[in-house]
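Novice: I am sharing model_12.pdb, which consists of PDB, C-alpha atoms:
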```
MODEL        1
ATOM      1  CA  MET A   9     -44.909 259.192  50.184  1.00  0.00           C
ATOM      2  CA  ALA A  10     -43.228 255.839  50.804  1.00  0.00           C
ATOM      3  CA  GLU A  11     -45.187 252.661  51.483  1.00  0.00           C
ATOM      4  CA  SER A  12     -46.339 252.055  55.049  1.00  0.00           C
ATOM      5  CA  ARG A  13     -44.045 249.976  57.240  1.00  0.00           C
ATOM      6  CA  HIS A  14     -44.412 248.159  60.526  1.00  0.00           C
ATOM      7  CA  GLU A  15     -42.279 249.327  63.435  1.00  0.00           C
ATOM      8  CA  TYR A  16     -41.859 247.187  66.551  1.00  0.00           C
ATOM      9  CA  LYS A  17     -40.054 248.828  69.467  1.00  0.00           C
ATOM     10  CA  TYR A  18     -38.550 247.310  72.608  1.00  0.00           C
ATOM     11  CA  ILE A  19     -36.726 248.711  75.633  1.00  0.00           C
ATOM     12  CA  CYS A  20     -33.589 246.660  76.286  1.00  0.00           C
ATOM     13  CA  THR A  21     -30.299 246.653  78.167  1.00  0.00           C
ATOM     14  CA  ARG A  22     -26.788 246.713  76.737  1.00  0.00           C
ATOM     15  CA  GLN A  23     -26.428 243.037  77.631  1.00  0.00           C
ATOM     16  CA  GLN A  24     -29.606 242.158  75.730  1.00  0.00           C
ATOM     17  CA  ILE A  25     -28.374 244.140  72.734  1.00  0.00           C
ATOM     18  CA  GLU A  26     -25.171 242.103  72.639  1.00  0.00           C
ATOM     19  CA  THR A  27     -27.093 238.824  72.891  1.00  0.00           C
ATOM     20  CA  ILE A  28     -29.461 239.745  70.050  1.00  0.00           C
ATOM     21  CA  ARG A  29     -26.600 241.080  67.906  1.00  0.00           C
ATOM     22  CA  ASN A  30     -24.795 237.758  68.276  1.00  0.00           C
ATOM     23  CA  ASN A  31     -27.991 235.971  67.222  1.00  0.00           C
ATOM     24  CA  ILE A  32     -28.565 237.961  64.042  1.00  0.00           C
ATOM     25  CA  MET A  33     -24.984 238.513  62.893  1.00  0.00           C
ATOM     26  CA  GLY A  34     -24.855 235.437  60.671  1.00  0.00           C
ATOM     27  CA  ILE A  35     -28.202 236.232  59.036  1.00  0.00           C
ATOM     28  CA  MET A  36     -28.464 240.011  58.745  1.00  0.00           C
ATOM     29  CA  GLN A  37     -25.863 242.363  57.301  1.00  0.00           C
ATOM     30  CA  PRO A  38     -24.598 245.543  58.953  1.00  0.00           C
ATOM     31  CA  ASP A  39     -25.938 248.614  57.164  1.00  0.00           C
ATOM     32  CA  LYS A  40     -23.225 249.745  54.751  1.00  0.00           C
ATOM     33  CA  ASN A  41     -23.785 253.349  55.821  1.00  0.00           C
ATOM     34  CA  ALA A  42     -22.496 252.493  59.284  1.00  0.00           C
ATOM     35  CA  GLY A  43     -18.928 252.113  57.999  1.00  0.00           C
ATOM     36  CA  ARG A  44     -16.180 250.207  59.760  1.00  0.00           C
ATOM     37  CA  SER A  45     -17.348 251.054  63.254  1.00  0.00           C
ATOM     38  CA  GLY A  46     -20.770 249.495  62.594  1.00  0.00           C
ATOM     39  CA  GLU A  47     -22.618 252.492  64.003  1.00  0.00           C
ATOM     40  CA  TYR A  48     -23.326 256.177  63.454  1.00  0.00           C
ATOM     41  CA  VAL A  49     -24.768 259.103  65.375  1.00  0.00           C
ATOM     42  CA  VAL A  50     -28.285 260.184  64.411  1.00  0.00           C
ATOM     43  CA  ARG A  51     -29.259 263.764  65.197  1.00  0.00           C
ATOM     44  CA  SER A  52     -32.755 265.087  64.479  1.00  0.00           C
ATOM     45  CA  LEU A  53     -34.363 268.463  64.990  1.00  0.00           C
ATOM     46  CA  TYR A  54     -38.136 268.174  65.426  1.00  0.00           C
ATOM     47  CA  PHE A  55     -40.625 270.929  64.688  1.00  0.00           C
ATOM     48  CA  ASP A  56     -43.968 271.644  66.309  1.00  0.00           C
ATOM     49  CA  ASP A  57     -46.598 274.346  66.028  1.00  0.00           C
ATOM     50  CA  TYR A  58     -47.584 277.157  68.375  1.00  0.00           C
ATOM     51  CA  SER A  59     -49.847 274.860  70.429  1.00  0.00           C
ATOM     52  CA  ASP A  60     -47.528 271.799  70.436  1.00  0.00           C
ATOM     53  CA  SER A  61     -50.035 269.789  68.405  1.00  0.00           C
ATOM     54  CA  CYS A  62     -47.504 267.126  67.376  1.00  0.00           C
ATOM     55  CA  LEU A  63     -46.552 266.531  70.991  1.00  0.00           C
ATOM     56  CA  TYR A  64     -50.122 266.198  72.229  1.00  0.00           C
ATOM     57  CA  ASP A  65     -51.150 264.098  69.211  1.00  0.00           C
ATOM     58  CA  ASN A  66     -48.430 261.687  70.308  1.00  0.00           C
ATOM     59  CA  ILE A  67     -49.574 261.708  73.931  1.00  0.00           C
ATOM     60  CA  ASN A  68     -53.229 261.178  72.958  1.00  0.00           C
ATOM     61  CA  GLY A  69     -52.485 258.530  70.311  1.00  0.00           C
ATOM     62  CA  THR A  70     -54.161 260.572  67.575  1.00  0.00           C
ATOM     63  CA  ASP A  71     -54.563 258.546  64.374  1.00  0.00           C
ATOM     64  CA  PRO A  72     -53.388 259.617  61.882  1.00  0.00           C
ATOM     65  CA  ARG A  73     -50.688 262.001  63.065  1.00  0.00           C
ATOM     66  CA  GLU A  74     -47.579 263.459  61.472  1.00  0.00           C
ATOM     67  CA  LYS A  75     -44.553 265.605  62.232  1.00  0.00           C
ATOM     68  CA  PHE A  76     -41.537 267.140  60.515  1.00  0.00           C
ATOM     69  CA  ARG A  77     -37.862 266.865  61.351  1.00  0.00           C
ATOM     70  CA  ILE A  78     -34.441 267.660  59.929  1.00  0.00           C
ATOM     71  CA  ARG A  79     -31.909 264.840  60.209  1.00  0.00           C
ATOM     72  CA  ILE A  80     -28.132 264.521  59.897  1.00  0.00           C
ATOM     73  CA  TYR A  81     -25.669 261.717  60.562  1.00  0.00           C
ATOM     74  CA  ASN A  82     -22.348 262.026  62.405  1.00  0.00           C
ATOM     75  CA  ALA A  83     -22.843 265.821  62.371  1.00  0.00           C
ATOM     76  CA  ASP A  84     -22.113 265.767  58.615  1.00  0.00           C
ATOM     77  CA  LEU A  85     -23.742 268.786  56.969  1.00  0.00           C
ATOM     78  CA  SER A  86     -23.044 267.583  53.426  1.00  0.00           C
ATOM     79  CA  TYR A  87     -26.107 265.331  53.684  1.00  0.00           C
ATOM     80  CA  ILE A  88     -29.140 266.914  55.369  1.00  0.00           C
ATOM     81  CA  ARG A  89     -32.682 265.578  55.027  1.00  0.00           C
ATOM     82  CA  LEU A  90     -36.041 267.126  55.693  1.00  0.00           C
ATOM     83  CA  GLU A  91     -38.437 264.341  56.663  1.00  0.00           C
ATOM     84  CA  ARG A  92     -42.147 264.043  57.250  1.00  0.00           C
ATOM     85  CA  LYS A  93     -43.181 261.089  59.398  1.00  0.00           C
ATOM     86  CA  CYS A  94     -46.794 259.905  59.424  1.00  0.00           C
ATOM     87  CA  LYS A  95     -48.304 257.319  61.777  1.00  0.00           C
ATOM     88  CA  GLU A  96     -51.573 255.703  60.715  1.00  0.00           C
ATOM     89  CA  HIS A  97     -53.294 252.463  61.769  1.00  0.00           C
ATOM     90  CA  GLY A  98     -50.161 251.285  63.555  1.00  0.00           C
ATOM     91  CA  LYS A  99     -47.929 251.725  60.498  1.00  0.00           C
ATOM     92  CA  THR A 100     -45.370 254.372  59.661  1.00  0.00           C
ATOM     93  CA  ARG A 101     -44.763 256.235  56.412  1.00  0.00           C
ATOM     94  CA  LYS A 102     -41.905 258.602  55.710  1.00  0.00           C
ATOM     95  CA  ALA A 103     -41.234 261.105  52.959  1.00  0.00           C
ATOM     96  CA  SER A 104     -38.001 263.031  52.663  1.00  0.00           C
ATOM     97  CA  CYS A 105     -35.922 265.334  50.517  1.00  0.00           C
ATOM     98  CA  ARG A 106     -32.409 266.701  50.684  1.00  0.00           C
ATOM     99  CA  ILE A 107     -31.812 270.300  51.707  1.00  0.00           C
ATOM    100  CA  ASP A 108     -28.607 272.307  51.890  1.00  0.00           C
ATOM    101  CA  GLU A 109     -27.037 273.916  54.949  1.00  0.00           C
ATOM    102  CA  ARG A 110     -28.286 277.404  54.075  1.00  0.00           C
ATOM    103  CA  LEU A 111     -31.904 276.258  53.831  1.00  0.00           C
ATOM    104  CA  CYS A 112     -31.490 274.216  56.992  1.00  0.00           C
ATOM    105  CA  MET A 113     -30.413 277.326  58.890  1.00  0.00           C
ATOM    106  CA  GLU A 114     -33.346 279.315  57.502  1.00  0.00           C
ATOM    107  CA  MET A 115     -35.726 276.665  58.825  1.00  0.00           C
ATOM    108  CA  ILE A 116     -34.062 276.678  62.237  1.00  0.00           C
ATOM    109  CA  GLN A 117     -34.212 280.463  62.425  1.00  0.00           C
ATOM    110  CA  GLY A 118     -37.876 280.510  61.401  1.00  0.00           C
ATOM    111  CA  ARG A 119     -37.350 282.609  58.302  1.00  0.00           C
ATOM    112  CA  SER A 120     -39.991 282.816  55.605  1.00  0.00           C
ATOM    113  CA  LEU A 121     -39.163 280.166  52.998  1.00  0.00           C
ATOM    114  CA  ARG A 122     -39.515 280.214  49.229  1.00  0.00           C
ATOM    115  CA  MET A 123     -41.991 277.553  48.171  1.00  0.00           C
ATOM    116  CA  ASP A 124     -39.948 276.755  45.045  1.00  0.00           C
ATOM    117  CA  ALA A 125     -36.581 276.418  46.819  1.00  0.00           C
ATOM    118  CA  VAL A 126     -36.863 272.602  46.674  1.00  0.00           C
ATOM    119  CA  ASP A 127     -38.932 270.617  44.180  1.00  0.00           C
ATOM    120  CA  ALA A 128     -40.441 268.116  46.620  1.00  0.00           C
ATOM    121  CA  ASP A 129     -43.905 267.650  48.094  1.00  0.00           C
ATOM    122  CA  VAL A 130     -42.521 267.177  51.609  1.00  0.00           C
ATOM    123  CA  TYR A 131     -40.798 270.555  51.431  1.00  0.00           C
ATOM    124  CA  ARG A 132     -43.864 272.318  50.064  1.00  0.00           C
ATOM    125  CA  LYS A 133     -46.001 270.892  52.882  1.00  0.00           C
ATOM    126  CA  PHE A 134     -43.427 272.049  55.423  1.00  0.00           C
ATOM    127  CA  CYS A 135     -43.698 275.568  53.963  1.00  0.00           C
ATOM    128  CA  LEU A 136     -47.489 275.378  54.147  1.00  0.00           C
ATOM    129  CA  TRP A 137     -47.366 274.306  57.793  1.00  0.00           C
ATOM    130  CA  GLN A 138     -44.843 277.020  58.555  1.00  0.00           C
ATOM    131  CA  ASN A 139     -47.225 279.640  57.168  1.00  0.00           C
ATOM    132  CA  THR A 140     -50.462 278.259  58.627  1.00  0.00           C
ATOM    133  CA  LYS A 141     -49.380 276.519  61.840  1.00  0.00           C
ATOM    134  CA  PHE A 142     -46.321 278.615  62.654  1.00  0.00           C
ATOM    135  CA  LEU A 143     -43.932 275.684  62.901  1.00  0.00           C
ATOM    136  CA  LYS A 144     -40.939 276.206  65.164  1.00  0.00           C
ATOM    137  CA  PRO A 145     -37.958 274.059  66.218  1.00  0.00           C
ATOM    138  CA  ALA A 146     -38.978 272.114  69.324  1.00  0.00           C
ATOM    139  CA  VAL A 147     -36.173 269.775  70.464  1.00  0.00           C
ATOM    140  CA  ILE A 148     -33.099 267.905  69.281  1.00  0.00           C
ATOM    141  CA  THR A 149     -32.838 264.141  69.655  1.00  0.00           C
ATOM    142  CA  GLU A 150     -29.508 262.334  69.339  1.00  0.00           C
ATOM    143  CA  TYR A 151     -28.439 258.720  69.769  1.00  0.00           C
ATOM    144  CA  ASP A 152     -25.879 256.139  68.687  1.00  0.00           C
ATOM    145  CA  ARG A 153     -27.354 253.666  66.188  1.00  0.00           C
ATOM    146  CA  ILE A 154     -26.165 250.164  65.280  1.00  0.00           C
ATOM    147  CA  PRO A 155     -28.154 249.077  62.173  1.00  0.00           C
ATOM    148  CA  TYR A 156     -28.651 245.700  60.467  1.00  0.00           C
ATOM    149  CA  VAL A 157     -30.564 244.891  57.272  1.00  0.00           C
ATOM    150  CA  TYR A 158     -32.155 241.847  55.629  1.00  0.00           C
ATOM    151  CA  ASN A 159     -33.364 242.270  52.067  1.00  0.00           C
ATOM    152  CA  ASP A 160     -36.296 239.834  52.055  1.00  0.00           C
ATOM    153  CA  GLY A 161     -39.232 241.805  53.404  1.00  0.00           C
ATOM    154  CA  ASN A 162     -37.034 244.888  53.625  1.00  0.00           C
ATOM    155  CA  VAL A 163     -36.304 244.106  57.274  1.00  0.00           C
ATOM    156  CA  ARG A 164     -34.243 246.534  59.328  1.00  0.00           C
ATOM    157  CA  ILE A 165     -33.148 246.106  62.945  1.00  0.00           C
ATOM    158  CA  THR A 166     -31.574 249.009  64.790  1.00  0.00           C
ATOM    159  CA  PHE A 167     -30.125 249.328  68.269  1.00  0.00           C
ATOM    160  CA  ASP A 168     -30.388 252.942  69.456  1.00  0.00           C
ATOM    161  CA  GLN A 169     -28.192 253.620  72.457  1.00  0.00           C
ATOM    162  CA  ASN A 170     -27.580 256.609  74.716  1.00  0.00           C
ATOM    163  CA  ILE A 171     -30.731 258.458  73.652  1.00  0.00           C
ATOM    164  CA  ARG A 172     -30.339 262.098  74.603  1.00  0.00           C
ATOM    165  CA  ALA A 173     -32.065 265.459  74.174  1.00  0.00           C
ATOM    166  CA  GLY A 174     -30.781 268.890  73.253  1.00  0.00           C
ATOM    167  CA  ALA A 175     -32.701 272.039  74.107  1.00  0.00           C
ATOM    168  CA  LEU A 176     -30.437 274.523  72.281  1.00  0.00           C
ATOM    169  CA  VAL A 177     -32.065 274.057  68.887  1.00  0.00           C
ATOM    170  CA  LYS A 178     -29.986 276.778  67.214  1.00  0.00           C
ATOM    171  CA  ASP A 179     -26.877 274.641  67.818  1.00  0.00           C
ATOM    172  CA  PHE A 180     -28.237 271.818  65.648  1.00  0.00           C
ATOM    173  CA  THR A 181     -25.548 272.195  62.950  1.00  0.00           C
ATOM    174  CA  LYS A 182     -22.601 272.389  65.344  1.00  0.00           C
ATOM    175  CA  GLN A 183     -20.128 269.515  65.479  1.00  0.00           C
ATOM    176  CA  ARG A 184     -20.795 268.956  69.176  1.00  0.00           C
ATOM    177  CA  ILE A 185     -23.909 269.995  71.051  1.00  0.00           C
ATOM    178  CA  ALA A 186     -25.019 270.036  74.677  1.00  0.00           C
ATOM    179  CA  THR A 187     -27.327 267.108  75.453  1.00  0.00           C
ATOM    180  CA  HIS A 188     -28.596 265.173  78.442  1.00  0.00           C
ATOM    181  CA  PRO A 189     -29.823 261.549  78.697  1.00  0.00           C
ATOM    182  CA  VAL A 190     -33.558 260.853  78.720  1.00  0.00           C
ATOM    183  CA  MET A 191     -33.478 257.159  79.609  1.00  0.00           C
ATOM    184  CA  PRO A 192     -32.571 255.427  82.886  1.00  0.00           C
ATOM    185  CA  LEU A 193     -29.058 254.023  83.095  1.00  0.00           C
ATOM    186  CA  ASN A 194     -28.511 251.019  80.791  1.00  0.00           C
ATOM    187  CA  GLN A 195     -31.833 251.375  78.984  1.00  0.00           C
ATOM    188  CA  HIS A 196     -31.726 251.544  75.189  1.00  0.00           C
ATOM    189  CA  LEU A 197     -34.125 250.988  72.280  1.00  0.00           C
ATOM    190  CA  LEU A 198     -34.404 248.120  69.804  1.00  0.00           C
ATOM    191  CA  GLU A 199     -36.478 248.765  66.666  1.00  0.00           C
ATOM    192  CA  VAL A 200     -37.618 246.156  64.133  1.00  0.00           C
ATOM    193  CA  LYS A 201     -38.926 247.629  60.862  1.00  0.00           C
ATOM    194  CA  PHE A 202     -40.366 245.725  57.912  1.00  0.00           C
ATOM    195  CA  ASP A 203     -42.862 245.980  55.052  1.00  0.00           C
ATOM    196  CA  GLU A 204     -45.509 243.250  54.877  1.00  0.00           C
ATOM    197  CA  PHE A 205     -43.798 240.414  56.718  1.00  0.00           C
ATOM    198  CA  ILE A 206     -40.855 239.586  58.916  1.00  0.00           C
ATOM    199  CA  PRO A 207     -39.278 236.126  58.529  1.00  0.00           C
ATOM    200  CA  ASP A 208     -40.150 233.914  61.519  1.00  0.00           C
ATOM    201  CA  PHE A 209     -36.540 233.006  62.171  1.00  0.00           C
ATOM    202  CA  ILE A 210     -35.556 236.667  62.518  1.00  0.00           C
ATOM    203  CA  TYR A 211     -38.490 237.436  64.789  1.00  0.00           C
ATOM    204  CA  SER A 212     -37.681 234.443  66.982  1.00  0.00           C
ATOM    205  CA  LEU A 213     -34.038 235.536  67.271  1.00  0.00           C
ATOM    206  CA  VAL A 214     -35.139 238.956  68.458  1.00  0.00           C
ATOM    207  CA  GLN A 215     -37.533 237.370  70.945  1.00  0.00           C
ATOM    208  CA  THR A 216     -34.846 235.291  72.671  1.00  0.00           C
ATOM    209  CA  GLU A 217     -34.744 237.903  75.449  1.00  0.00           C
ATOM    210  CA  LYS A 218     -38.563 237.914  75.818  1.00  0.00           C
ATOM    211  CA  LEU A 219     -38.771 241.671  75.343  1.00  0.00           C
ATOM    212  CA  ARG A 220     -42.091 243.500  75.576  1.00  0.00           C
ATOM    213  CA  GLN A 221     -43.238 245.628  72.677  1.00  0.00           C
ATOM    214  CA  THR A 222     -43.660 249.321  73.511  1.00  0.00           C
ATOM    215  CA  THR A 223     -44.998 252.484  71.851  1.00  0.00           C
ATOM    216  CA  PHE A 224     -41.815 254.375  72.737  1.00  0.00           C
ATOM    217  CA  SER A 225     -41.365 257.777  71.056  1.00  0.00           C
ATOM    218  CA  LYS A 226     -37.959 259.458  71.127  1.00  0.00           C
ATOM    219  CA  TYR A 227     -39.598 262.775  70.316  1.00  0.00           C
ATOM    220  CA  TYR A 228     -42.015 262.484  73.243  1.00  0.00           C
ATOM    221  CA  MET A 229     -39.293 261.388  75.665  1.00  0.00           C
ATOM    222  CA  CYS A 230     -37.041 264.284  74.708  1.00  0.00           C
ATOM    223  CA  ARG A 231     -39.868 266.835  74.900  1.00  0.00           C
ATOM    224  CA  ARG A 232     -41.046 265.386  78.218  1.00  0.00           C
ATOM    225  CA  ASN A 233     -37.530 265.612  79.572  1.00  0.00           C
ATOM    226  CA  HIS A 234     -37.228 269.182  78.297  1.00  0.00           C
ATOM    227  CA  PHE A 235     -40.473 270.138  80.068  1.00  0.00           C
ATOM    228  CA  GLY A 236     -39.238 268.545  83.295  1.00  0.00           C
ATOM    229  CA  GLY A 237     -41.741 265.672  83.199  1.00  0.00           C
ATOM    230  CA  ASN A 238     -44.449 267.079  85.425  1.00  0.00           C
ATOM    231  CA  ARG A 239     -46.250 269.165  82.821  1.00  0.00           C
ATOM    232  CA  LEU A 240     -46.944 266.213  80.511  1.00  0.00           C
TER     233      LEU A 240
ENDMDL
END
```
Using structure tokens, write down the structure that the file contains.
Specialist:
Amino acid sequence: MAESRHEYKYICTRQQIETIRNNIMGIMQPDKNAGRSGEYVVRSLYFDDYSDSCLYDNINGTDPREKFRIRIYNADLSYIRLERKCKEHGKTRKASCRIDERLCMEMIQGRSLRMDAVDADVYRKFCLWQNTKFLKPAVITEYDRIPYVYNDGNVRITFDQNIRAGALVKDFTKQRIATHPVMPLNQHLLEVKFDEFIPDFIYSLVQTEKLRQTTFSKYYMCRRNHFGGNRL
């Protein structure tokens, strides 16, 4: 699994995003994967077990905790990743492997998987959880991401806008899916990710808007919205 990384999260407005973007533009580089537009659409399908353990671990702040998801970008099925995300002592670790569209559909449909279909630990653990915890697709999250990178300290700043949830999990691979917003109007998410340190000048540029750090979870917000809010 990859090294642990810090993740700082902040709720912000579109106006604050533009101010911070203007501050960091001369220092950080747009992520090359964002292309000419400078952004891409992130779509993830999260899995949970028969008792929604991942959801309630998130609510209760269980440490450590982990969950699985399948992720695509711009609805492009030529590059699909299975990811395992682990939160421990305030840091995040991720492990991932590529899967093809056929295997992706088998996971979505809950079919029994061959353990040797992919030579990766993250895939084998997913298979184990599927057999022992009865993993099932839980919710789709989707948002528009504007990413910036800074090589020293492996710093990454992302602006995630228009965060939305999709309940029709079997539509995950479709070009367009039905979603609904989970955030109040003009509320978006800023994430600052880094390894051991973040340069002071970058941190101070982000803090120009005096934003408050939050423990925001897209997965929780989308599940909460799907449940109607009152049950969680």
Novice: Please provide the set of residues having any atom within 10 Å of segment 141-144 of chain A, restricted to all atoms listed in the file, with same-chain residues fewer than 4 positions apart removed, written as a VMD selection string.
Specialist: chain A and resid 54 to 61 76 115 to 118 134 to 137 177
Novice: Please evaluate the PyMOL selection byres ((chain A and resi 19) around 10) against the structure above and give the resulting residues as a PDB file with C-alpha atoms, in the coordinates of the input.
Specialist:
```pdb
ATOM      1  CA  LYS A  17     -40.054 248.828  69.467  1.00  0.00           C
ATOM      2  CA  TYR A  18     -38.550 247.310  72.608  1.00  0.00           C
ATOM      3  CA  CYS A  20     -33.589 246.660  76.286  1.00  0.00           C
ATOM      4  CA  THR A  21     -30.299 246.653  78.167  1.00  0.00           C
ATOM      5  CA  GLN A  24     -29.606 242.158  75.730  1.00  0.00           C
ATOM      6  CA  ILE A  25     -28.374 244.140  72.734  1.00  0.00           C
ATOM      7  CA  PHE A 167     -30.125 249.328  68.269  1.00  0.00           C
ATOM      8  CA  ASP A 168     -30.388 252.942  69.456  1.00  0.00           C
ATOM      9  CA  MET A 191     -33.478 257.159  79.609  1.00  0.00           C
ATOM     10  CA  ASN A 194     -28.511 251.019  80.791  1.00  0.00           C
ATOM     11  CA  GLN A 195     -31.833 251.375  78.984  1.00  0.00           C
ATOM     12  CA  HIS A 196     -31.726 251.544  75.189  1.00  0.00           C
ATOM     13  CA  LEU A 197     -34.125 250.988  72.280  1.00  0.00           C
ATOM     14  CA  LEU A 198     -34.404 248.120  69.804  1.00  0.00           C
ATOM     15  CA  GLU A 199     -36.478 248.765  66.666  1.00  0.00           C
ATOM     16  CA  LEU A 219     -38.771 241.671  75.343  1.00  0.00           C
ATOM     17  CA  ARG A 220     -42.091 243.500  75.576  1.00  0.00           C
ATOM     18  CA  GLN A 221     -43.238 245.628  72.677  1.00  0.00           C
ATOM     19  CA  THR A 222     -43.660 249.321  73.511  1.00  0.00           C
ATOM     20  CA  THR A 223     -44.998 252.484  71.851  1.00  0.00           C
ATOM     21  CA  PHE A 224     -41.815 254.375  72.737  1.00  0.00           C
TER      22      PHE A 224
END
```
Novice: So, with all atoms listed in the file as the atoms that count, which of A:Lys133, A:Lys40, A:Arg122, A:Arg73 lies closest to Leu90 of chain A?
Specialist: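 Among the listed residues, A:Lys133 lies closest to Leu90 of chain A.
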Novice: Tell me which residues the PyMOL selection byres ((chain A and resi 44-48) around 10) grabs here, as a PyMOL selection string.
Specialist: chain A and resi 38-43+49-51+81-83+151-156+166-168
Novice: Give me a file of those residues, with C-alpha atoms, as a compact mmCIF listing (two decimals), in the coordinates of the input.
Specialist:
```
# COMPACT_ATOMS: atom_id res chain seq x y z
CA PRO A 38 -24.60 245.54 58.95
CA ASP A 39 -25.94 248.61 57.16
CA LYS A 40 -23.22 249.74 54.75
CA ASN A 41 -23.78 253.35 55.82
CA ALA A 42 -22.50 252.49 59.28
CA GLY A 43 -18.93 252.11 58.00
CA VAL A 49 -24.77 259.10 65.38
CA VAL A 50 -28.28 260.18 64.41
CA ARG A 51 -29.26 263.76 65.20
CA TYR A 81 -25.67 261.72 60.56
CA ASN A 82 -22.35 262.03 62.40
CA ALA A 83 -22.84 265.82 62.37
CA TYR A 151 -28.44 258.72 69.77
CA ASP A 152 -25.88 256.14 68.69
CA ARG A 153 -27.35 253.67 66.19
CA ILE A 154 -26.16 250.16 65.28
CA PRO A 155 -28.15 249.08 62.17
CA TYR A 156 -28.65 245.70 60.47
CA THR A 166 -31.57 249.01 64.79
CA PHE A 167 -30.12 249.33 68.27
CA ASP A 168 -30.39 252.94 69.46
```
Novice: If you count only C-alpha atoms, which residues fall within 6 Å of Val163 of chain A, apart from same-chain ones fewer than 3 positions away, as an mmCIF file with C-alpha atoms, in the frame of the given file?
Specialist:
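For reference, selection.cif as written:
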```cif
data_model
loop_
_atom_site.group_PDB
_atom_site.id
_atom_site.type_symbol
_atom_site.label_atom_id
_atom_site.label_comp_id
_atom_site.auth_asym_id
_atom_site.auth_seq_id
_atom_site.Cartn_x
_atom_site.Cartn_y
_atom_site.Cartn_z
ATOM 1 C CA VAL A 157 -30.564 244.891 57.272
ATOM 2 C CA TYR A 158 -32.155 241.847 55.629
ATOM 3 C CA LYS A 201 -38.926 247.629 60.862
ATOM 4 C CA PHE A 202 -40.366 245.725 57.912
#
```
Novice: Would you list the contacts of segment 65-71 of chain A as a ChimeraX atom specification, taking every protein, DNA or RNA residue within 10 Å and counting all atoms listed in the file, but skipping same-chain residues closer than 2 positions in sequence?
Specialist: /A:60-63,73-75,94-98,223,225,227-228,240
Novice: So which residues touch Glu114 of chain A within 12 Å, counting all atoms listed in the file, skipping near sequence neighbours fewer than 4 positions away, as a list in words?
Specialist: Ile78, Ile107, Asp108, Glu109, Arg110, Gly118, Arg119, Ser120, Leu121, Arg122, Ala125, Cys135, Gln138, Lys144, Pro145, Lys178 and Thr181 of chain A
Novice: With only C-alpha atoms as the atoms that count, which of A:Leu193, A:Ala186, A:Ile165, A:Leu111 lies nearest to Ile28 of chain A?
Specialist: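 Between A:Leu193, A:Ala186, A:Ile165, A:Leu111, the residue approaching Ile28 of chain A most closely is A:Ile165.
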Novice: What does the structure give for the distance between atom CA of Ile32 of chain A and atom CA of Glu204 of chain A, in Å to one decimal?
Specialist: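 Separating atom CA of Ile32 of chain A from atom CA of Glu204 of chain A is a distance of 20.0 Å.
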Novice: For a quick check of understanding, using only C-alpha atoms, which of A:Arg22, A:Arg13, A:Lys182, A:Arg172 has the smallest distance to Lys93 of chain A?
Specialist: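 Among the listed residues, A:Arg13 lies closest to Lys93 of chain A.
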Novice: Using Å and a single decimal, report how far atom CA of Asp124 of chain A sits from atom CA of Asn139 of chain A.
Specialist: 14.4 Å
Novice: Hey, which of A:Phe209, A:Glu217, A:Asp203, A:Thr100 ends up closest to Asn159 of chain A? Count all atoms listed in the file.
Specialist: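 So, comparing all the options, the nearest one is A:Asp203.
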